[in-house]
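Peer 1: Just so it is clear, I am handing over work-v8.cif, which has mmCIF, C-alpha atoms.
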```cif
data_run
#
loop_
_atom_site.group_PDB
_atom_site.id
_atom_site.type_symbol
_atom_site.label_atom_id
_atom_site.label_comp_id
_atom_site.auth_asym_id
_atom_site.auth_seq_id
_atom_site.Cartn_x
_atom_site.Cartn_y
_atom_site.Cartn_z
ATOM 1 C CA MET A 446 81.594 95.962 87.248
ATOM 2 C CA ALA A 447 78.625 94.751 89.330
ATOM 3 C CA LYS A 448 77.722 96.630 92.501
ATOM 4 C CA ALA A 449 78.546 93.601 94.661
ATOM 5 C CA THR A 450 81.994 93.364 93.091
ATOM 6 C CA LEU A 451 82.584 97.070 93.627
ATOM 7 C CA TRP A 452 81.559 96.699 97.258
ATOM 8 C CA LEU A 453 83.938 93.790 97.780
ATOM 9 C CA ALA A 454 86.759 95.691 96.109
ATOM 10 C CA ALA A 455 86.109 98.672 98.365
ATOM 11 C CA LEU A 456 86.013 96.441 101.427
ATOM 12 C CA GLY A 457 89.301 94.833 100.435
ATOM 13 C CA ALA A 458 90.936 98.230 99.963
ATOM 14 C CA LEU A 459 89.751 99.387 103.368
ATOM 15 C CA SER A 460 91.029 96.264 105.101
ATOM 16 C CA ALA A 461 94.482 96.378 103.507
ATOM 17 C CA GLN A 462 97.179 97.451 105.938
ATOM 18 C CA GLU A 463 99.368 99.775 103.927
ATOM 19 C CA ALA A 464 101.865 100.970 106.549
ATOM 20 C CA PHE A 465 102.713 100.888 110.229
ATOM 21 C CA SER A 466 103.947 103.619 112.536
ATOM 22 C CA PRO A 467 107.028 103.037 114.745
ATOM 23 C CA GLN A 468 104.523 102.512 117.547
ATOM 24 C CA GLY A 469 102.797 99.690 115.639
ATOM 25 C CA LYS A 470 99.726 101.629 114.542
ATOM 26 C CA ALA A 471 98.303 100.258 111.285
ATOM 27 C CA TYR A 472 97.248 102.561 108.465
ATOM 28 C CA PHE A 473 94.729 101.668 105.785
ATOM 29 C CA ALA A 474 93.797 102.528 102.220
ATOM 30 C CA LYS A 475 90.652 104.384 101.197
ATOM 31 C CA ALA A 476 87.728 103.012 99.228
ATOM 32 C CA ASP A 477 87.555 103.805 95.514
ATOM 33 C CA ALA A 478 84.152 105.454 95.640
ATOM 34 C CA THR A 479 84.379 106.912 92.128
ATOM 35 C CA GLY A 480 85.908 103.928 90.303
ATOM 36 C CA SER A 481 89.057 105.847 89.379
ATOM 37 C CA VAL A 482 91.325 102.803 89.659
ATOM 38 C CA GLU A 483 89.072 100.683 87.472
ATOM 39 C CA ARG A 484 88.992 103.374 84.778
ATOM 40 C CA ALA A 485 92.763 103.718 84.849
ATOM 41 C CA ASP A 486 93.200 99.943 84.591
ATOM 42 C CA ILE A 487 90.800 99.705 81.643
ATOM 43 C CA ALA A 488 92.755 102.401 79.820
ATOM 44 C CA LEU A 489 96.063 100.656 80.557
ATOM 45 C CA ALA A 490 94.699 97.310 79.338
ATOM 46 C CA LYS A 491 94.155 98.881 75.915
ATOM 47 C CA ASP A 492 97.793 99.978 75.655
ATOM 48 C CA GLN A 493 100.081 98.015 77.960
ATOM 49 C CA ASN A 494 103.205 99.652 76.526
ATOM 50 C CA SER A 495 102.188 103.190 77.447
ATOM 51 C CA ALA A 496 104.329 104.771 80.153
ATOM 52 C CA GLU A 497 101.710 107.487 80.617
ATOM 53 C CA LEU A 498 98.865 105.039 81.236
ATOM 54 C CA LEU A 499 100.983 102.902 83.549
ATOM 55 C CA LEU A 500 101.879 106.002 85.522
ATOM 56 C CA ALA A 501 98.217 107.038 85.636
ATOM 57 C CA ALA A 502 97.189 103.628 87.009
ATOM 58 C CA ALA A 503 99.778 103.910 89.775
ATOM 59 C CA ARG A 504 98.878 107.506 90.572
ATOM 60 C CA ALA A 505 95.184 106.625 90.827
ATOM 61 C CA ARG A 506 96.096 104.179 93.575
ATOM 62 C CA ASP A 507 98.280 106.748 95.332
ATOM 63 C CA VAL A 508 95.285 109.039 95.768
ATOM 64 C CA LEU A 509 93.572 106.236 97.684
ATOM 65 C CA LEU A 510 96.714 105.436 99.722
ATOM 66 C CA ARG A 511 96.885 102.006 98.043
ATOM 67 C CA PHE A 512 100.658 101.990 97.998
ATOM 68 C CA SER A 513 100.955 98.203 98.159
ATOM 69 C CA GLU A 514 99.461 98.272 94.647
ATOM 70 C CA SER A 515 101.074 101.421 93.252
ATOM 71 C CA ILE A 516 104.643 100.502 94.218
ATOM 72 C CA PRO A 517 104.636 97.317 92.064
ATOM 73 C CA LEU A 518 103.317 99.390 89.153
ATOM 74 C CA TYR A 519 106.162 101.872 89.563
ATOM 75 C CA THR A 520 108.553 98.916 89.699
ATOM 76 C CA ARG A 521 107.105 97.664 86.431
ATOM 77 C CA GLY A 522 107.633 101.140 84.982
ATOM 78 C CA ILE A 523 111.273 101.156 86.090
ATOM 79 C CA ASP A 524 111.808 97.812 84.363
ATOM 80 C CA GLU A 525 109.922 98.657 81.162
ATOM 81 C CA HIS A 526 110.929 102.330 80.851
ATOM 82 C CA PRO A 527 114.414 102.535 82.424
ATOM 83 C CA GLY A 528 115.106 106.006 81.031
ATOM 84 C CA ASP A 529 111.977 107.540 82.543
ATOM 85 C CA VAL A 530 112.872 109.177 85.855
ATOM 86 C CA ARG A 531 109.234 109.556 86.870
ATOM 87 C CA PHE A 532 108.874 105.958 88.035
ATOM 88 C CA LEU A 533 111.893 106.160 90.341
ATOM 89 C CA ARG A 534 110.812 109.533 91.683
ATOM 90 C CA PHE A 535 107.273 108.374 92.508
ATOM 91 C CA ARG A 536 108.330 104.986 93.877
ATOM 92 C CA GLY A 537 110.828 106.768 96.111
ATOM 93 C CA HIS A 538 108.049 109.029 97.364
ATOM 94 C CA ARG A 539 105.835 106.040 98.160
ATOM 95 C CA PHE A 540 108.638 104.304 99.992
ATOM 96 C CA ILE A 541 108.670 107.408 102.205
ATOM 97 C CA SER A 542 104.899 107.080 102.638
ATOM 98 C CA THR A 543 105.290 103.458 103.744
ATOM 99 C CA ARG A 544 108.187 104.293 106.101
ATOM 100 C CA LYS A 545 110.842 102.451 104.063
ATOM 101 C CA PHE A 546 113.408 105.222 104.075
ATOM 102 C CA ASP A 547 116.464 103.252 102.951
ATOM 103 C CA PHE A 548 114.601 102.101 99.832
ATOM 104 C CA ALA A 549 113.456 105.677 99.258
ATOM 105 C CA VAL A 550 117.015 106.995 99.430
ATOM 106 C CA ALA A 551 118.222 104.347 96.963
ATOM 107 C CA ASP A 552 115.511 105.217 94.423
ATOM 108 C CA LEU A 553 115.807 108.959 94.764
ATOM 109 C CA LYS A 554 119.614 108.961 94.522
ATOM 110 C CA LYS A 555 119.263 107.192 91.178
ATOM 111 C CA ALA A 556 116.584 109.686 90.165
ATOM 112 C CA ALA A 557 118.908 112.561 91.088
ATOM 113 C CA GLU A 558 121.583 111.124 88.798
ATOM 114 C CA MET A 559 119.064 110.976 85.948
ATOM 115 C CA ALA A 560 117.557 114.437 86.562
ATOM 116 C CA PRO A 561 119.956 116.391 88.793
ATOM 117 C CA ALA A 562 118.072 119.692 88.446
ATOM 118 C CA SER A 563 114.687 118.284 89.478
ATOM 119 C CA PHE A 564 113.248 120.166 92.451
ATOM 120 C CA ASP A 565 110.887 117.338 93.379
ATOM 121 C CA VAL A 566 113.585 114.668 93.263
ATOM 122 C CA SER A 567 115.889 116.772 95.442
ATOM 123 C CA TYR A 568 113.068 117.674 97.831
ATOM 124 C CA HIS A 569 112.076 114.043 98.386
ATOM 125 C CA LEU A 570 115.660 112.765 98.538
ATOM 126 C CA GLY A 571 116.498 115.299 101.236
ATOM 127 C CA LEU A 572 113.343 114.301 103.072
ATOM 128 C CA ALA A 573 114.222 110.601 102.925
ATOM 129 C CA PHE A 574 117.646 111.384 104.407
ATOM 130 C CA TYR A 575 116.043 113.526 107.105
ATOM 131 C CA LEU A 576 113.465 110.956 108.124
ATOM 132 C CA ARG A 577 116.060 108.250 108.602
ATOM 133 C CA GLY A 578 118.064 110.622 110.800
ATOM 134 C CA ASP A 579 120.811 111.466 108.285
ATOM 135 C CA PHE A 580 120.579 115.212 108.817
ATOM 136 C CA ASN A 581 123.925 116.185 107.272
ATOM 137 C CA HIS A 582 123.138 114.456 103.979
ATOM 138 C CA ALA A 583 119.647 115.957 104.020
ATOM 139 C CA ALA A 584 121.041 119.466 104.465
ATOM 140 C CA ARG A 585 123.621 119.005 101.715
ATOM 141 C CA GLU A 586 121.024 117.749 99.237
ATOM 142 C CA TYR A 587 118.667 120.622 99.975
ATOM 143 C CA GLN A 588 121.495 123.154 99.777
ATOM 144 C CA ARG A 589 122.533 121.751 96.410
ATOM 145 C CA CYS A 590 119.088 122.544 95.035
ATOM 146 C CA LEU A 591 118.784 125.881 96.838
ATOM 147 C CA ALA A 592 122.108 127.006 95.374
ATOM 148 C CA LEU A 593 120.396 127.055 91.962
ATOM 149 C CA ALA A 594 117.245 128.811 93.153
ATOM 150 C CA GLY A 595 118.213 132.327 92.114
ATOM 151 C CA GLN A 596 119.803 131.380 88.803
ATOM 152 C CA PRO A 597 117.929 131.547 85.482
ATOM 153 C CA GLN A 598 116.792 128.234 84.056
ATOM 154 C CA PRO A 599 119.041 126.897 81.276
ATOM 155 C CA ASP A 600 117.512 125.939 77.944
ATOM 156 C CA PHE A 601 118.384 122.285 78.512
ATOM 157 C CA LEU A 602 118.148 120.335 81.741
ATOM 158 C CA LYS A 603 119.312 116.724 81.798
ATOM 159 C CA GLY A 604 116.532 114.176 82.247
ATOM 160 C CA LEU A 605 113.896 116.644 83.469
ATOM 161 C CA PRO A 606 110.412 115.637 82.242
ATOM 162 C CA ALA A 607 108.205 118.279 80.678
ATOM 163 C CA GLY A 608 106.303 120.276 83.271
ATOM 164 C CA TRP A 609 108.511 119.307 86.204
ATOM 165 C CA ARG A 610 109.854 122.025 88.496
ATOM 166 C CA PRO A 611 113.597 122.660 88.328
ATOM 167 C CA CYS A 612 115.738 123.874 91.207
ATOM 168 C CA TYR A 613 116.462 126.904 89.015
ATOM 169 C CA ALA A 614 114.388 130.096 89.207
ATOM 170 C CA MET A 615 112.305 128.932 92.193
ATOM 171 C CA ASP A 616 109.068 130.667 93.004
ATOM 172 C CA ASP A 617 108.314 131.549 96.619
ATOM 173 C CA ASP A 618 106.144 128.487 97.207
ATOM 174 C CA SER A 619 108.963 126.121 96.265
ATOM 175 C CA ARG A 620 111.501 128.177 98.150
ATOM 176 C CA VAL A 621 109.639 128.151 101.481
ATOM 177 C CA ALA A 622 108.981 124.384 101.245
ATOM 178 C CA ILE A 623 112.605 123.440 100.724
ATOM 179 C CA THR A 624 113.883 126.133 103.104
ATOM 180 C CA GLU A 625 111.708 124.719 105.890
ATOM 181 C CA TRP A 626 113.244 121.254 105.625
ATOM 182 C CA THR A 627 116.753 122.654 105.093
ATOM 183 C CA TRP A 628 116.456 124.713 108.283
ATOM 184 C CA ARG A 629 115.240 121.659 110.160
ATOM 185 C CA ALA A 630 118.094 119.527 108.816
ATOM 186 C CA LEU A 631 120.730 122.160 109.659
ATOM 187 C CA ARG A 632 119.431 122.586 113.197
ATOM 188 C CA ARG A 633 119.312 118.825 113.755
ATOM 189 C CA ALA A 634 122.832 118.530 112.306
ATOM 190 C CA GLY A 635 124.085 121.005 114.911
ATOM 191 C CA LYS A 636 124.617 123.915 112.501
ATOM 192 C CA PRO A 637 122.604 126.789 114.004
ATOM 193 C CA ASP A 638 124.646 129.544 112.332
ATOM 194 C CA GLU A 639 123.986 128.143 108.853
ATOM 195 C CA ALA A 640 120.331 127.720 109.762
ATOM 196 C CA ALA A 641 120.112 131.349 110.891
ATOM 197 C CA LYS A 642 121.631 132.600 107.633
ATOM 198 C CA LEU A 643 119.128 130.536 105.685
ATOM 199 C CA LEU A 644 116.234 131.874 107.746
ATOM 200 C CA ALA A 645 117.315 135.420 106.895
ATOM 201 C CA THR A 646 116.293 134.760 103.273
ATOM 202 C CA ILE A 647 112.632 134.432 104.320
ATOM 203 C CA SER A 648 110.536 137.601 104.496
ATOM 204 C CA GLU A 649 106.922 138.436 105.298
ATOM 205 C CA THR A 650 106.463 139.894 101.815
ATOM 206 C CA MET A 651 107.007 136.617 99.967
ATOM 207 C CA ASN A 652 104.227 135.592 97.576
ATOM 208 C CA VAL A 653 103.269 132.235 99.072
ATOM 209 C CA LYS A 654 100.033 130.697 97.824
ATOM 210 C CA GLU A 655 100.091 126.938 98.424
ATOM 211 C CA ASN A 656 102.680 126.340 101.130
ATOM 212 C CA GLN A 657 101.232 128.555 103.848
ATOM 213 C CA SER A 658 101.891 125.893 106.506
ATOM 214 C CA TYR A 659 105.633 125.995 105.876
ATOM 215 C CA PHE A 660 105.573 129.775 105.612
ATOM 216 C CA LYS A 661 103.845 130.128 108.984
ATOM 217 C CA THR A 662 106.384 127.971 110.788
ATOM 218 C CA LEU A 663 109.332 129.732 109.133
ATOM 219 C CA LEU A 664 107.984 133.078 110.359
ATOM 220 C CA LEU A 665 107.623 131.513 113.800
ATOM 221 C CA TYR A 666 111.270 130.417 113.752
ATOM 222 C CA LYS A 667 112.293 133.951 112.752
ATOM 223 C CA GLY A 668 110.371 135.437 115.654
ATOM 224 C CA VAL A 669 108.124 137.414 113.318
ATOM 225 C CA ALA A 670 105.078 135.356 114.345
ATOM 226 C CA GLN A 671 104.283 134.329 117.906
ATOM 227 C CA SER A 672 102.361 131.200 116.938
ATOM 228 C CA ALA A 673 101.413 129.046 113.955
ATOM 229 C CA ALA A 674 98.234 127.110 113.310
ATOM 230 C CA GLY A 675 96.269 125.715 110.396
ATOM 231 C CA GLU A 676 93.227 123.664 109.550
ATOM 232 C CA GLY A 677 92.350 121.160 106.828
ATOM 233 C CA GLY A 678 94.404 118.899 104.585
ATOM 234 C CA ASN A 679 97.970 118.401 105.763
ATOM 235 C CA ALA A 680 98.095 121.683 107.714
ATOM 236 C CA VAL A 681 97.725 120.034 111.142
ATOM 237 C CA PRO A 682 100.620 117.550 110.840
ATOM 238 C CA THR A 683 102.781 119.962 108.805
ATOM 239 C CA ILE A 684 102.500 122.821 111.279
ATOM 240 C CA GLY A 685 102.323 120.501 114.283
ATOM 241 C CA TYR A 686 105.656 118.877 113.492
ATOM 242 C CA GLY A 687 107.334 122.223 112.821
ATOM 243 C CA VAL A 688 106.035 123.850 115.999
ATOM 244 C CA GLY A 689 106.981 120.748 117.982
ATOM 245 C CA LEU A 690 110.522 120.866 116.630
ATOM 246 C CA TRP A 691 110.762 124.576 117.472
ATOM 247 C CA HIS A 692 109.760 123.831 121.073
ATOM 248 C CA HIS A 693 112.185 120.888 121.206
ATOM 249 C CA LEU A 694 115.114 122.949 119.972
ATOM 250 C CA ASN A 695 114.350 125.589 122.586
ATOM 251 C CA GLY A 696 114.230 123.113 125.449
ATOM 252 C CA ARG A 697 110.451 123.003 125.861
ATOM 253 C CA LYS A 698 110.100 119.233 125.813
ATOM 254 C CA GLU A 699 106.538 118.926 127.060
ATOM 255 C CA GLN A 700 105.223 121.444 124.524
ATOM 256 C CA ALA A 701 107.157 119.646 121.788
ATOM 257 C CA CYS A 702 105.594 116.330 122.725
ATOM 258 C CA ARG A 703 102.092 117.765 122.746
ATOM 259 C CA GLU A 704 102.549 119.129 119.231
ATOM 260 C CA TRP A 705 104.100 115.916 117.912
ATOM 261 C CA GLN A 706 101.401 113.771 119.444
ATOM 262 C CA ARG A 707 98.729 115.978 117.902
ATOM 263 C CA ALA A 708 100.458 115.780 114.502
ATOM 264 C CA ALA A 709 100.833 111.993 114.748
ATOM 265 C CA GLY A 710 97.189 111.604 115.696
ATOM 266 C CA ASP A 711 95.870 112.999 112.408
ATOM 267 C CA VAL A 712 95.309 109.529 110.961
ATOM 268 C CA GLU A 713 93.278 110.751 107.990
ATOM 269 C CA ASN A 714 96.509 112.172 106.580
ATOM 270 C CA TRP A 715 98.818 109.328 107.538
ATOM 271 C CA SER A 716 101.068 109.812 104.509
ATOM 272 C CA ALA A 717 101.723 113.487 105.382
ATOM 273 C CA PHE A 718 105.411 114.200 105.898
ATOM 274 C CA GLY A 719 104.820 116.085 109.143
ATOM 275 C CA LEU A 720 102.928 113.135 110.606
ATOM 276 C CA ILE A 721 105.685 110.706 109.626
ATOM 277 C CA ALA A 722 108.342 112.980 111.120
ATOM 278 C CA ALA A 723 106.355 113.356 114.343
ATOM 279 C CA GLU A 724 105.987 109.570 114.637
ATOM 280 C CA ILE A 725 109.729 109.189 114.321
ATOM 281 C CA GLU A 726 110.436 111.748 117.040
ATOM 282 C CA ILE A 727 108.026 109.946 119.359
ATOM 283 C CA GLY A 728 109.602 106.622 118.359
ATOM 284 C CA ARG A 729 113.034 107.914 119.389
ATOM 285 C CA GLY A 730 111.766 107.965 122.950
ATOM 286 C CA LEU A 731 111.534 111.737 123.141
ATOM 287 C CA CYS A 732 107.853 111.438 124.107
ATOM 288 C CA LYS A 733 105.423 108.887 125.364
ATOM 289 C CA PRO A 734 103.820 106.988 122.452
ATOM 290 C CA VAL A 735 100.525 108.245 121.081
ATOM 291 C CA LYS A 736 97.687 106.201 122.525
ATOM 292 C CA LYS A 737 95.863 104.036 120.000
ATOM 293 C CA ARG A 738 92.255 104.959 119.332
#
```
Give the structure from the file, written as C-alpha cells.
Peer 2:
Amino acid sequence: MAKATLWLAALGALSAQEAFSPQGKAYFAKADATGSVERADIALAKDQNSAELLLAAARARDVLLRFSESIPLYTRGIDEHPGDVRFLRFRGHRFISTRKFDFAVADLKKAAEMAPASFDVSYHLGLAFYLRGDFNHAAREYQRCLALAGQPQPDFLKGLPAGWRPCYAMDDDSRVAITEWTWRALRRAGKPDEAAKLLATISETMNVKENQSYFKTLLLYKGVAQSAAGEGGNAVPTIGYGVGLWHHLNGRKEQACREWQRAAGDVENWSAFGLIAAEIEIGRGLCKPVKKR
C-alpha cells in the first residue's frame, strides 16, 4: 500500500467516532502504525472460509479500538460459524466497549449456553449486567462461576474452545478479578453480608501476578490496606473506580466523585471497564459531569 494511502487510512481511523460516554464525550480509534490490520486482511483474503483468520482480522481492529469495524466481522463469524462461541463472546465484549449493554447481555447469554463453564464468558456477562445496573443478575452470574472455582476441571467441558479458561480450578489471578466484580455487585444489590463472606476468601498471601489492580482494591475493602493506587495501562481507571465505589458505599460522596472523575478522565484507555463504570456512576447524577478537554 502506498504511503499516501496508509496516511489516509490512518487519518480515517483517527477521525472515526467509535463510542460516546453518557456525558456525550466522543472516543476515537487509534492509527494502525504497524499495518497490522492490512496484514490480517491480506491473510483472510487468501482463505475467506477460515474462522481463525476472520477472528484474527477482527482482533487486529480491537487492538486499535476500531470496534465499528470489528463488530461486523464478529457478526459475519456468528453467521458463518454458528457453532463457534468465540464470535459471540468477543462481539459481546465489544458491545460493552461501545456502551451497548443490552446487546452485550444478549450475546453473552447465548455464549453462556454454548460454553457454560467459560470463565471469560461468565466474567463479561456479569459485567454487562452490572454496567446496565442489573446488580442481582450480575452477582448470580459471577457466583455461578465462582461456585466451580475450587473444583477440579472435568475432562470434557461443553463448547469450551482450546486454551480458554474454565470456571473450574481458578488460579488466584482469575479469582481476584471475578471476586472484585462479585463484591461490587453484591454491595450494589444490597447484600453486604454475602459480600463480606466473599471478601473473607481473599488473603494477602495470594499469588496474584497480572490483576494487581483488583487485588489492591480488594485488600482496601478488607481493611488490610489503607489506600490503593496504580500507574500505567488500565490501572488508573480500574483502581479509581474501585476506590470511588468504596468511598461511595461508606458515605464519602465527594471522595467518590473525585476518584470516578479521575477514572473517567483517562481517555487513552476509554474501553477500560473501570472507566466505563465510572462514567455510568457520573451519568446517574451522583457527581457533576467530567469537564470536556
Peer 1: Using the chain letters and residue numbers of this document, give as a list in words the residues selected by the PyMOL selection byres ((chain A and resi 578-594) around 6).
Peer 2: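 That expression, the PyMOL selection byres ((chain A and resi 578-594) around 6), corresponds here to Gly571, Phe574, Tyr575, Leu576, Arg577, Gly595, Gln596, Cys612, Tyr613, Ala614, Met615, Thr627, Ala630, Leu631 and Ala634 of chain A.
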Peer 1: So which residues get picked by the PyMOL selection byres ((chain A and resi 497) around 12) here, written as number ranges by chain?
Peer 2: A: 485, 488-489, 492-496, 498-504, 518-519, 522, 526, 529, 531-532
Peer 1: Taking the file as shown, what set of residues would the PyMOL selection byres ((chain A and resi 609) around 9) give back, as a VMD selection string?
Peer 2: chain A and resid 563 to 565 605 to 608 610 to 611
Peer 1: When you draw a straight line from atom CA of Cys702 of chain A to atom CA of Tyr472 of chain A, how long is it in Å?
Peer 2: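 Atom-to-atom, atom CA of Cys702 of chain A and atom CA of Tyr472 of chain A are spaced 21.5 Å apart.
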Peer 1: Choose the residue, out of A:Thr479, A:Thr683, A:Asn656, A:Thr520, that has the smallest atom-to-atom separation from Asn714 of chain A; count only C-alpha atoms.
Peer 2: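 Nearest candidate to Asn714 of chain A out of A:Thr479, A:Thr683, A:Asn656, A:Thr520: A:Thr683.
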Peer 1: Determine, counting only C-alpha atoms, which protein, DNA and RNA residues have an atom within 9 Å of an atom of segment 636-651 of chain A; residues of the same chain fewer than 6 positions away are not included. Present the result as JSON, numbers by chain.
Peer 2: {"A": [617, 618, 620, 621, 624, 625, 627, 628, 629, 630, 660, 663, 664, 666, 667, 669]}
Peer 1: Any idea what's packed within 12 Å of His538 of chain A, counting only C-alpha atoms, ignoring anything in its chain fewer than 4 positions away? Could you give it as a PyMOL selection string?
Peer 2: chain A and resi 504+507+512+515-516+519+531-534+542-554+556+565-573+716-718
Peer 1: What is the distance between atom CA of Ala701 of chain A and atom CA of Glu724 of chain A, in Å to one decimal?
Peer 2: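 Between atom CA of Ala701 of chain A and atom CA of Glu724 of chain A the gap works out to 12.4 Å.
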Peer 1: For atom CA of Phe465 of chain A and atom CA of Asp711 of chain A, quote the distance in Å rounded to one decimal.
Peer 2: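 Result for atom CA of Phe465 of chain A versus atom CA of Asp711 of chain A: 14.1 Å, one decimal.
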Peer 1: Considering all atoms listed in the file, state which residue in the set A:Lys654, A:Lys661, A:Arg697, A:Arg521 is at the smallest distance from Asp616 of chain A.
Peer 2: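 Smallest separation from Asp616 of chain A among the options: A:Lys654.
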Peer 1: From the set A:Leu731, A:Asp600, A:Val508, A:Ala680, which residue has the shortest atom-to-atom contact distance to Trp705 of chain A, counting only C-alpha atoms?
Peer 2: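 The answer is A:Leu731, which sits nearest to Trp705 of chain A.
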Peer 1: Please reconstruct the missing atoms of segment 501-526 of chain A (target: N, CA and C atoms) and return them as a PDB file, in the coordinates of the input.
Peer 2:
```pdb
ATOM      1  N   ALA A 501      99.556 106.617  85.201  1.00  0.00           N
ATOM      2  CA  ALA A 501      98.217 107.038  85.636  1.00  0.00           C
ATOM      3  C   ALA A 501      97.563 105.980  86.523  1.00  0.00           C
ATOM      4  N   ALA A 502      97.757 104.704  86.193  1.00  0.00           N
ATOM      5  CA  ALA A 502      97.189 103.628  87.009  1.00  0.00           C
ATOM      6  C   ALA A 502      97.809 103.616  88.407  1.00  0.00           C
ATOM      7  N   ALA A 503      99.109 103.859  88.475  1.00  0.00           N
ATOM      8  CA  ALA A 503      99.778 103.910  89.775  1.00  0.00           C
ATOM      9  C   ALA A 503      99.341 105.135  90.570  1.00  0.00           C
ATOM     10  N   ARG A 504      99.249 106.266  89.897  1.00  0.00           N
ATOM     11  CA  ARG A 504      98.878 107.506  90.572  1.00  0.00           C
ATOM     12  C   ARG A 504      97.435 107.454  91.092  1.00  0.00           C
ATOM     13  N   ALA A 505      96.565 106.776  90.356  1.00  0.00           N
ATOM     14  CA  ALA A 505      95.184 106.625  90.827  1.00  0.00           C
ATOM     15  C   ALA A 505      95.142 105.887  92.155  1.00  0.00           C
ATOM     16  N   ARG A 506      96.016 104.928  92.315  1.00  0.00           N
ATOM     17  CA  ARG A 506      96.096 104.179  93.575  1.00  0.00           C
ATOM     18  C   ARG A 506      96.721 105.025  94.687  1.00  0.00           C
ATOM     19  N   ASP A 507      97.668 105.877  94.327  1.00  0.00           N
ATOM     20  CA  ASP A 507      98.280 106.748  95.332  1.00  0.00           C
ATOM     21  C   ASP A 507      97.248 107.644  96.008  1.00  0.00           C
ATOM     22  N   VAL A 508      96.317 108.161  95.221  1.00  0.00           N
ATOM     23  CA  VAL A 508      95.285 109.039  95.768  1.00  0.00           C
ATOM     24  C   VAL A 508      94.499 108.341  96.871  1.00  0.00           C
ATOM     25  N   LEU A 509      94.334 107.039  96.728  1.00  0.00           N
ATOM     26  CA  LEU A 509      93.572 106.236  97.684  1.00  0.00           C
ATOM     27  C   LEU A 509      94.467 105.593  98.744  1.00  0.00           C
ATOM     28  N   LEU A 510      95.744 105.976  98.757  1.00  0.00           N
ATOM     29  CA  LEU A 510      96.714 105.436  99.722  1.00  0.00           C
ATOM     30  C   LEU A 510      96.916 103.935  99.545  1.00  0.00           C
ATOM     31  N   ARG A 511      96.708 103.432  98.342  1.00  0.00           N
ATOM     32  CA  ARG A 511      96.885 102.006  98.043  1.00  0.00           C
ATOM     33  C   ARG A 511      98.307 101.773  97.521  1.00  0.00           C
ATOM     34  N   PHE A 512      99.259 102.028  98.394  1.00  0.00           N
ATOM     35  CA  PHE A 512     100.658 101.990  97.998  1.00  0.00           C
ATOM     36  C   PHE A 512     101.170 100.578  97.754  1.00  0.00           C
ATOM     37  N   SER A 513     100.554  99.587  98.401  1.00  0.00           N
ATOM     38  CA  SER A 513     100.955  98.203  98.159  1.00  0.00           C
ATOM     39  C   SER A 513     100.651  97.789  96.724  1.00  0.00           C
ATOM     40  N   GLU A 514      99.768  98.524  96.055  1.00  0.00           N
ATOM     41  CA  GLU A 514      99.461  98.272  94.647  1.00  0.00           C
ATOM     42  C   GLU A 514     100.213  99.227  93.725  1.00  0.00           C
ATOM     43  N   SER A 515     100.406 100.459  94.137  1.00  0.00           N
ATOM     44  CA  SER A 515     101.074 101.421  93.252  1.00  0.00           C
ATOM     45  C   SER A 515     102.574 101.158  93.162  1.00  0.00           C
ATOM     46  N   ILE A 516     103.195 100.741  94.252  1.00  0.00           N
ATOM     47  CA  ILE A 516     104.643 100.502  94.218  1.00  0.00           C
ATOM     48  C   ILE A 516     105.022  99.430  93.195  1.00  0.00           C
ATOM     49  N   PRO A 517     104.309  98.283  93.124  1.00  0.00           N
ATOM     50  CA  PRO A 517     104.636  97.317  92.064  1.00  0.00           C
ATOM     51  C   PRO A 517     104.453  97.879  90.659  1.00  0.00           C
ATOM     52  N   LEU A 518     103.494  98.779  90.473  1.00  0.00           N
ATOM     53  CA  LEU A 518     103.317  99.390  89.153  1.00  0.00           C
ATOM     54  C   LEU A 518     104.484 100.311  88.820  1.00  0.00           C
ATOM     55  N   TYR A 519     104.970 101.054  89.797  1.00  0.00           N
ATOM     56  CA  TYR A 519     106.162 101.872  89.563  1.00  0.00           C
ATOM     57  C   TYR A 519     107.370 100.987  89.268  1.00  0.00           C
ATOM     58  N   THR A 520     107.459  99.856  89.955  1.00  0.00           N
ATOM     59  CA  THR A 520     108.553  98.916  89.699  1.00  0.00           C
ATOM     60  C   THR A 520     108.481  98.398  88.264  1.00  0.00           C
ATOM     61  N   ARG A 521     107.288  98.079  87.827  1.00  0.00           N
ATOM     62  CA  ARG A 521     107.105  97.664  86.431  1.00  0.00           C
ATOM     63  C   ARG A 521     107.559  98.774  85.483  1.00  0.00           C
ATOM     64  N   GLY A 522     107.221 100.019  85.820  1.00  0.00           N
ATOM     65  CA  GLY A 522     107.633 101.140  84.982  1.00  0.00           C
ATOM     66  C   GLY A 522     109.140 101.298  84.926  1.00  0.00           C
ATOM     67  N   ILE A 523     109.810 101.077  86.057  1.00  0.00           N
ATOM     68  CA  ILE A 523     111.273 101.156  86.090  1.00  0.00           C
ATOM     69  C   ILE A 523     111.881 100.093  85.191  1.00  0.00           C
ATOM     70  N   ASP A 524     111.303  98.901  85.195  1.00  0.00           N
ATOM     71  CA  ASP A 524     111.808  97.812  84.363  1.00  0.00           C
ATOM     72  C   ASP A 524     111.539  98.044  82.878  1.00  0.00           C
ATOM     73  N   GLU A 525     110.328  98.515  82.562  1.00  0.00           N
ATOM     74  CA  GLU A 525     109.922  98.657  81.162  1.00  0.00           C
ATOM     75  C   GLU A 525     110.349  99.976  80.538  1.00  0.00           C
ATOM     76  N   HIS A 526     110.555 101.002  81.362  1.00  0.00           N
ATOM     77  CA  HIS A 526     110.929 102.330  80.851  1.00  0.00           C
ATOM     78  C   HIS A 526     112.108 102.856  81.669  1.00  0.00           C
TER      79      HIS A 526
END
```
